[in-house]
file data.cif (mmCIF, C-alpha atoms and all ligand atoms)
data_entry
loop_
_atom_site.group_PDB
_atom_site.id
_atom_site.type_symbol
_atom_site.label_atom_id
_atom_site.label_comp_id
_atom_site.auth_asym_id
_atom_site.auth_seq_id
_atom_site.Cartn_x
_atom_site.Cartn_y
_atom_site.Cartn_z
ATOM 1 C CA MET A 1 -34.595 9.067 -22.642
ATOM 2 C CA LYS A 2 -35.032 7.747 -19.120
ATOM 3 C CA PHE A 3 -34.549 4.234 -20.423
ATOM 4 C CA LEU A 4 -31.340 5.269 -22.127
ATOM 5 C CA LEU A 5 -30.047 6.752 -18.882
ATOM 6 C CA ILE A 6 -30.828 3.553 -17.006
ATOM 7 C CA LEU A 7 -29.134 1.565 -19.728
ATOM 8 C CA LEU A 8 -26.049 3.782 -19.514
ATOM 9 C CA THR A 9 -25.988 3.464 -15.725
ATOM 10 C CA VAL A 10 -26.231 -0.304 -15.932
ATOM 11 C CA ALA A 11 -23.516 -0.377 -18.585
ATOM 12 C CA ARG A 12 -21.292 1.772 -16.383
ATOM 13 C CA LEU A 13 -21.910 -0.412 -13.348
ATOM 14 C CA PHE A 14 -21.132 -3.457 -15.390
ATOM 15 C CA SER A 15 -17.914 -1.986 -16.746
ATOM 16 C CA ASN A 16 -16.846 -0.987 -13.213
ATOM 17 C CA ASN A 17 -17.496 -4.509 -12.025
ATOM 18 C CA THR A 18 -15.617 -5.865 -15.005
ATOM 19 C CA ASN A 19 -12.657 -3.676 -14.056
ATOM 20 C CA ILE A 20 -12.702 -5.008 -10.540
ATOM 21 C CA PHE A 21 -12.997 -8.512 -11.899
ATOM 22 C CA ILE A 22 -10.055 -7.998 -14.260
ATOM 23 C CA ASN A 23 -8.049 -6.453 -11.428
ATOM 24 C CA SER A 24 -8.792 -9.416 -9.198
ATOM 25 C CA SER A 25 -7.973 -11.998 -11.811
ATOM 26 C CA THR A 26 -4.676 -10.340 -12.693
ATOM 27 C CA MET A 27 -3.749 -10.370 -9.026
ATOM 28 C CA ASN A 28 -2.003 -13.620 -9.621
ATOM 29 C CA GLU A 29 0.458 -15.459 -7.467
ATOM 30 C CA THR A 30 3.390 -13.177 -8.330
ATOM 31 C CA TYR A 31 1.380 -10.076 -7.497
ATOM 32 C CA LEU A 32 0.353 -11.630 -4.185
ATOM 33 C CA LYS A 33 3.944 -12.526 -3.355
ATOM 34 C CA ILE A 34 5.009 -8.958 -4.148
ATOM 35 C CA THR A 35 2.348 -7.474 -1.873
ATOM 36 C CA GLN A 36 3.359 -9.965 0.822
ATOM 37 C CA GLY A 37 7.029 -8.974 0.631
ATOM 38 C CA GLN A 38 8.119 -12.362 -0.709
ATOM 39 C CA ILE A 39 9.419 -11.106 -4.086
ATOM 40 C CA CYS A 40 11.286 -7.849 -4.734
ATOM 41 C CA PRO A 41 9.236 -5.935 -7.348
ATOM 42 C CA TYR A 42 12.344 -4.076 -8.571
ATOM 43 C CA CYS A 43 14.763 -6.989 -8.926
ATOM 44 C CA ASN A 44 12.190 -9.784 -9.255
ATOM 45 C CA CYS A 45 14.252 -11.792 -6.789
ATOM 46 C CA ALA A 46 13.727 -13.466 -3.432
ATOM 47 C CA THR A 47 13.652 -11.605 -0.124
ATOM 48 C CA LYS A 48 14.863 -12.535 3.350
ATOM 49 C CA LEU A 49 13.503 -11.786 6.796
ATOM 50 C CA VAL A 50 16.089 -9.765 8.741
ATOM 51 C CA THR A 51 16.258 -7.606 11.880
ATOM 52 C CA GLY A 52 16.566 -3.822 11.869
ATOM 53 C CA ASP A 53 20.320 -4.240 12.449
ATOM 54 C CA GLU A 54 20.671 -5.125 8.754
ATOM 55 C CA ILE A 55 18.410 -2.294 7.580
ATOM 56 C CA TYR A 56 19.912 0.446 9.748
ATOM 57 C CA PRO A 57 23.541 -0.652 10.351
ATOM 58 C CA HIS A 58 24.568 2.973 10.936
ATOM 59 C CA ARG A 59 22.283 3.148 13.975
ATOM 60 C CA ILE A 60 23.186 -0.025 15.860
ATOM 61 C CA HIS A 61 25.503 1.760 18.302
ATOM 62 C CA GLU A 62 22.929 4.338 19.401
ATOM 63 C CA GLU A 63 22.107 4.529 23.104
ATOM 64 C CA PRO A 64 19.411 3.837 24.074
ATOM 65 C CA ARG A 65 19.041 1.164 21.420
ATOM 66 C CA PRO A 66 16.282 2.191 18.948
ATOM 67 C CA LYS A 67 13.293 -0.158 19.164
ATOM 68 C CA PHE A 68 13.000 -0.509 15.380
ATOM 69 C CA LEU A 69 16.331 -2.342 15.332
ATOM 70 C CA ASP A 70 14.625 -5.310 16.990
ATOM 71 C CA LYS A 71 11.760 -5.348 14.476
ATOM 72 C CA LYS A 72 11.796 -7.677 11.465
ATOM 73 C CA TYR A 73 11.920 -6.554 7.848
ATOM 74 C CA TYR A 74 11.801 -8.205 4.439
ATOM 75 C CA LEU A 75 14.969 -7.259 2.605
ATOM 76 C CA CYS A 76 15.797 -7.772 -1.074
ATOM 77 C CA THR A 77 18.595 -10.284 -1.608
ATOM 78 C CA GLN A 78 20.150 -8.111 -4.340
ATOM 79 C CA ASN A 79 19.772 -4.478 -3.240
ATOM 80 C CA ASP A 80 19.768 -3.295 0.368
ATOM 81 C CA ASP A 81 17.710 -0.193 -0.467
ATOM 82 C CA HIS A 82 14.696 -2.439 -1.099
ATOM 83 C CA TYR A 83 12.858 -3.430 2.065
ATOM 84 C CA VAL A 84 9.567 -3.332 3.934
ATOM 85 C CA GLY A 85 8.633 -3.609 7.598
ATOM 86 C CA THR A 86 6.357 -6.130 9.272
ATOM 87 C CA TYR A 87 3.331 -5.916 11.534
ATOM 88 C CA ALA A 88 3.552 -6.523 15.288
ATOM 89 C CA ASP A 89 3.854 -10.278 14.650
ATOM 90 C CA ASN A 90 7.271 -9.649 13.005
ATOM 91 C CA ILE A 91 6.345 -11.956 10.102
ATOM 92 C CA THR A 92 3.446 -10.422 8.142
ATOM 93 C CA SER A 93 4.826 -7.812 5.763
ATOM 94 C CA LEU A 94 3.327 -4.320 5.709
ATOM 95 C CA GLY A 95 3.175 -4.650 1.935
ATOM 96 C CA ARG A 96 5.538 -4.555 -1.023
ATOM 97 C CA LEU A 97 9.253 -3.850 -0.780
ATOM 98 C CA ALA A 98 9.950 -0.169 -1.309
ATOM 99 C CA ASP A 99 12.893 1.908 -2.440
ATOM 100 C CA LYS A 100 13.619 5.388 -1.108
ATOM 101 C CA THR A 101 11.178 7.088 -3.496
ATOM 102 C CA LEU A 102 8.326 4.731 -2.647
ATOM 103 C CA ARG A 103 9.040 5.007 1.090
ATOM 104 C CA GLN A 104 8.654 8.784 0.787
ATOM 105 C CA LEU A 105 5.438 8.432 -1.230
ATOM 106 C CA LYS A 106 3.952 6.018 1.322
ATOM 107 C CA HIS A 107 4.857 8.412 4.105
ATOM 108 C CA GLU A 108 3.292 11.311 2.224
ATOM 109 C CA GLY A 109 0.213 9.177 1.515
ATOM 110 C CA HIS A 110 -0.364 8.453 5.193
ATOM 111 C CA ASN A 111 0.184 12.117 5.997
ATOM 112 C CA VAL A 112 -2.713 13.178 3.776
ATOM 113 C CA PHE A 113 -4.956 10.129 4.250
ATOM 114 C CA ASP A 114 -4.797 9.408 7.994
ATOM 115 C CA PRO A 115 -6.102 12.808 9.188
ATOM 116 C CA LEU A 116 -9.240 12.299 7.056
ATOM 117 C CA TRP A 117 -10.402 9.577 9.478
ATOM 118 C CA LYS A 118 -8.253 10.210 12.580
ATOM 119 C CA THR A 119 -9.722 13.669 13.029
ATOM 120 C CA GLN A 120 -13.064 12.452 11.616
ATOM 121 C CA SER A 121 -12.973 15.454 9.304
ATOM 122 C CA HIS A 122 -14.177 13.390 6.348
ATOM 123 C CA PHE A 123 -14.776 9.838 7.587
ATOM 124 C CA GLU A 124 -16.112 8.514 10.840
ATOM 125 C CA SER A 125 -13.815 5.504 10.849
ATOM 126 C CA GLN A 126 -10.662 4.094 9.284
ATOM 127 C CA LYS A 127 -12.833 1.454 7.596
ATOM 128 C CA ALA A 128 -15.046 4.111 5.983
ATOM 129 C CA ALA A 129 -11.948 5.914 4.689
ATOM 130 C CA TYR A 130 -10.500 2.750 3.150
ATOM 131 C CA ASP A 131 -13.904 1.876 1.626
ATOM 132 C CA TRP A 132 -13.888 5.281 -0.055
ATOM 133 C CA LEU A 133 -10.294 4.966 -1.296
ATOM 134 C CA SER A 134 -10.930 1.434 -2.562
ATOM 135 C CA ALA A 135 -13.910 2.651 -4.628
ATOM 136 C CA LYS A 136 -12.016 5.695 -5.951
ATOM 137 C CA MET A 137 -9.085 3.552 -7.058
ATOM 138 C CA GLN A 138 -11.287 0.682 -8.242
ATOM 139 C CA LEU A 139 -9.147 -1.679 -6.223
ATOM 140 C CA PRO A 140 -10.401 -4.541 -4.067
ATOM 141 C CA LEU A 141 -10.451 -3.470 -0.418
ATOM 142 C CA GLU A 142 -7.856 -6.052 0.589
ATOM 143 C CA PHE A 143 -5.350 -4.445 -1.774
ATOM 144 C CA THR A 144 -6.155 -0.879 -0.739
ATOM 145 C CA HIS A 145 -3.245 -0.161 1.606
ATOM 146 C CA PHE A 146 -0.438 2.331 1.135
ATOM 147 C CA GLY A 147 2.013 -0.430 1.991
ATOM 148 C CA MET A 148 0.877 -2.365 -1.076
ATOM 149 C CA PHE A 149 0.770 0.556 -3.502
ATOM 150 C CA THR A 150 3.186 1.249 -6.332
ATOM 151 C CA ASP A 151 4.584 4.772 -6.846
ATOM 152 C CA GLU A 152 1.738 5.506 -9.278
ATOM 153 C CA GLN A 153 -0.949 4.189 -6.932
ATOM 154 C CA CYS A 154 0.459 6.267 -4.058
ATOM 155 C CA MET A 155 0.364 9.375 -6.216
ATOM 156 C CA GLU A 156 -3.190 8.584 -7.318
ATOM 157 C CA ALA A 157 -4.339 8.112 -3.705
ATOM 158 C CA ILE A 158 -2.582 11.296 -2.600
ATOM 159 C CA ARG A 159 -4.369 13.186 -5.369
ATOM 160 C CA TYR A 160 -7.806 11.935 -4.236
ATOM 161 C CA CYS A 161 -7.056 12.797 -0.606
ATOM 162 C CA ARG A 162 -5.918 16.292 -1.553
ATOM 163 C CA GLU A 163 -9.018 16.792 -3.710
ATOM 164 C CA ILE A 164 -11.424 16.135 -0.856
ATOM 165 C CA SER A 165 -9.252 17.970 1.670
ATOM 166 C CA LEU A 166 -9.596 21.244 -0.239
HETATM 167 ZN ZN ZN B 1 15.400 -5.518 -5.038
#

call {"tool": "encode", "arguments": {"input": "data.cif", "output": "structure tokens", "more": "lines below"}}
Ligand SMILES: [Zn+2]
result
Amino acid sequence: MKFLLILLTVARLFSNNTNIFINSSTMNETYLKITQGQICPYCNCATKLVTGDEIYPHRIHEEPRPKFLDKKYYLCTQNDDHYVGTYADNITSLGRLADKTLRQLKHEGHNVFDPLWKTQSHFESQKAAYDWLSAKMQLPLEFTHFGMFTDEQCMEAIRYCREISL
């Protein structure tokens, strides 16, 4: 009986690893380009690096001038609702291009995930929180970021965060 349990555990470990392996190997060049903001995942087209003036044209006359207007964004070349911001370097994308629905899901995701480590209610560091989420989602750590998630992945992550927040 004990042997059987060990065998099952090993089999489960192996299948988990296989999943991770399959996930990694399917993260091909296109997937990488999507998560790096170089291809629009909705239109499958190229993107361009623009300033906030192109993303928020209705806000360019505000005084004082909003700081986000001088940030850079990757914008879809076919649909101006598809965009993503960049890190402080104004070149590295925060993840995949998002539409309005995905932007809301990412926002909601951070709202339920960040307090888990910021208040140290569940994790002692941001790293520990991402390690946990990566294992729950069976995603490599480098792809475990709300900015890279699809709608479905955001919803999955939100569900896990809500489960442990209860
Ligand atoms: Zn697009």

call {"tool": "residues_near_ligand", "arguments": {"input": "data.cif", "ligand": "ligand ZN 1 (chain B)", "cutoff": "7 Å", "atoms": "all atoms listed in the file", "output": "VMD selection string"}}
result
chain A and resid 40 to 45 76 to 79 82

call {"tool": "atom_distance", "arguments": {"input": "data.cif", "atom1": "atom CA of Pro66 of chain A", "atom2": "atom CA of Asp151 of chain A"}}
result
28.4 Å

call {"tool": "axis_aligned_box", "arguments": {"input": "data.cif", "around": "segment 92-97 of chain A", "padding_each_side": "3 Å", "output": "JSON"}}
result
{"center_x": 6.2, "center_y": -7.1, "center_z": 3.6, "size_x": 12.1, "size_y": 12.6, "size_z": 15.2}

call {"tool": "closest_residue", "arguments": {"input": "data.cif", "among": "A:Ala128, A:Leu94, A:Leu69, A:Leu102", "to": "Glu152 of chain A", "atoms": "all atoms listed in the file"}}
result
A:Leu102

call {"tool": "resolve_selection", "arguments": {"input": "data.cif", "expression": "the PyMOL selection byres (((chain A and resi 148) around 8) and not hetatm)", "output": "PyMOL selection string"}}
result
chain A and resi 35+94-96+143-147+149-150

call {"tool": "residues_around", "arguments": {"input": "data.cif", "residues": "Tyr83 of chain A", "least_positions_apart": "5", "cutoff": "8 Å", "atoms": "all atoms listed in the file", "output": "ChimeraX atom specification"}}
result
/A:55,73-76,97-99

call {"tool": "closest_residue", "arguments": {"input": "data.cif", "among": "A:Gln120, A:Ser125, A:Asn28, A:Gln38", "to": "Ser93 of chain A", "atoms": "all atoms listed in the file"}}
result
A:Gln38

call {"tool": "closest_residue", "arguments": {"input": "data.cif", "among": "A:Tyr130, A:Tyr160, A:Tyr87, A:Phe123", "to": "Phe68 of chain A", "atoms": "all atoms listed in the file"}}
result
A:Tyr87

call {"tool": "closest_residue", "arguments": {"input": "data.cif", "among": "A:Thr92, A:Gln138, A:Thr30, A:Thr86", "to": "Thr51 of chain A", "atoms": "only C-alpha atoms"}}
result
A:Thr86

call {"tool": "resolve_selection", "arguments": {"input": "data.cif", "expression": "the PyMOL selection byres (((chain A and resi 114) around 12) and not hetatm)", "output": "VMD selection string"}}
result
chain A and resid 106 to 113 115 to 130 133 145 to 146 157 to 158 161 to 162 165

call {"tool": "atom_distance", "arguments": {"input": "data.cif", "atom1": "atom CA of Glu29 of chain A", "atom2": "atom CA of Ala46 of chain A"}}
result
14.0 Å

call {"tool": "closest_residue", "arguments": {"input": "data.cif", "among": "A:Ala135, A:Leu49, A:Leu166, A:Cys154", "to": "Gly85 of chain A", "atoms": "all atoms listed in the file"}}
result
A:Leu49

call {"tool": "atom_distance", "arguments": {"input": "data.cif", "atom1": "atom CA of Ile60 of chain A", "atom2": "atom CA of Gln36 of chain A"}}
result
26.8 Å
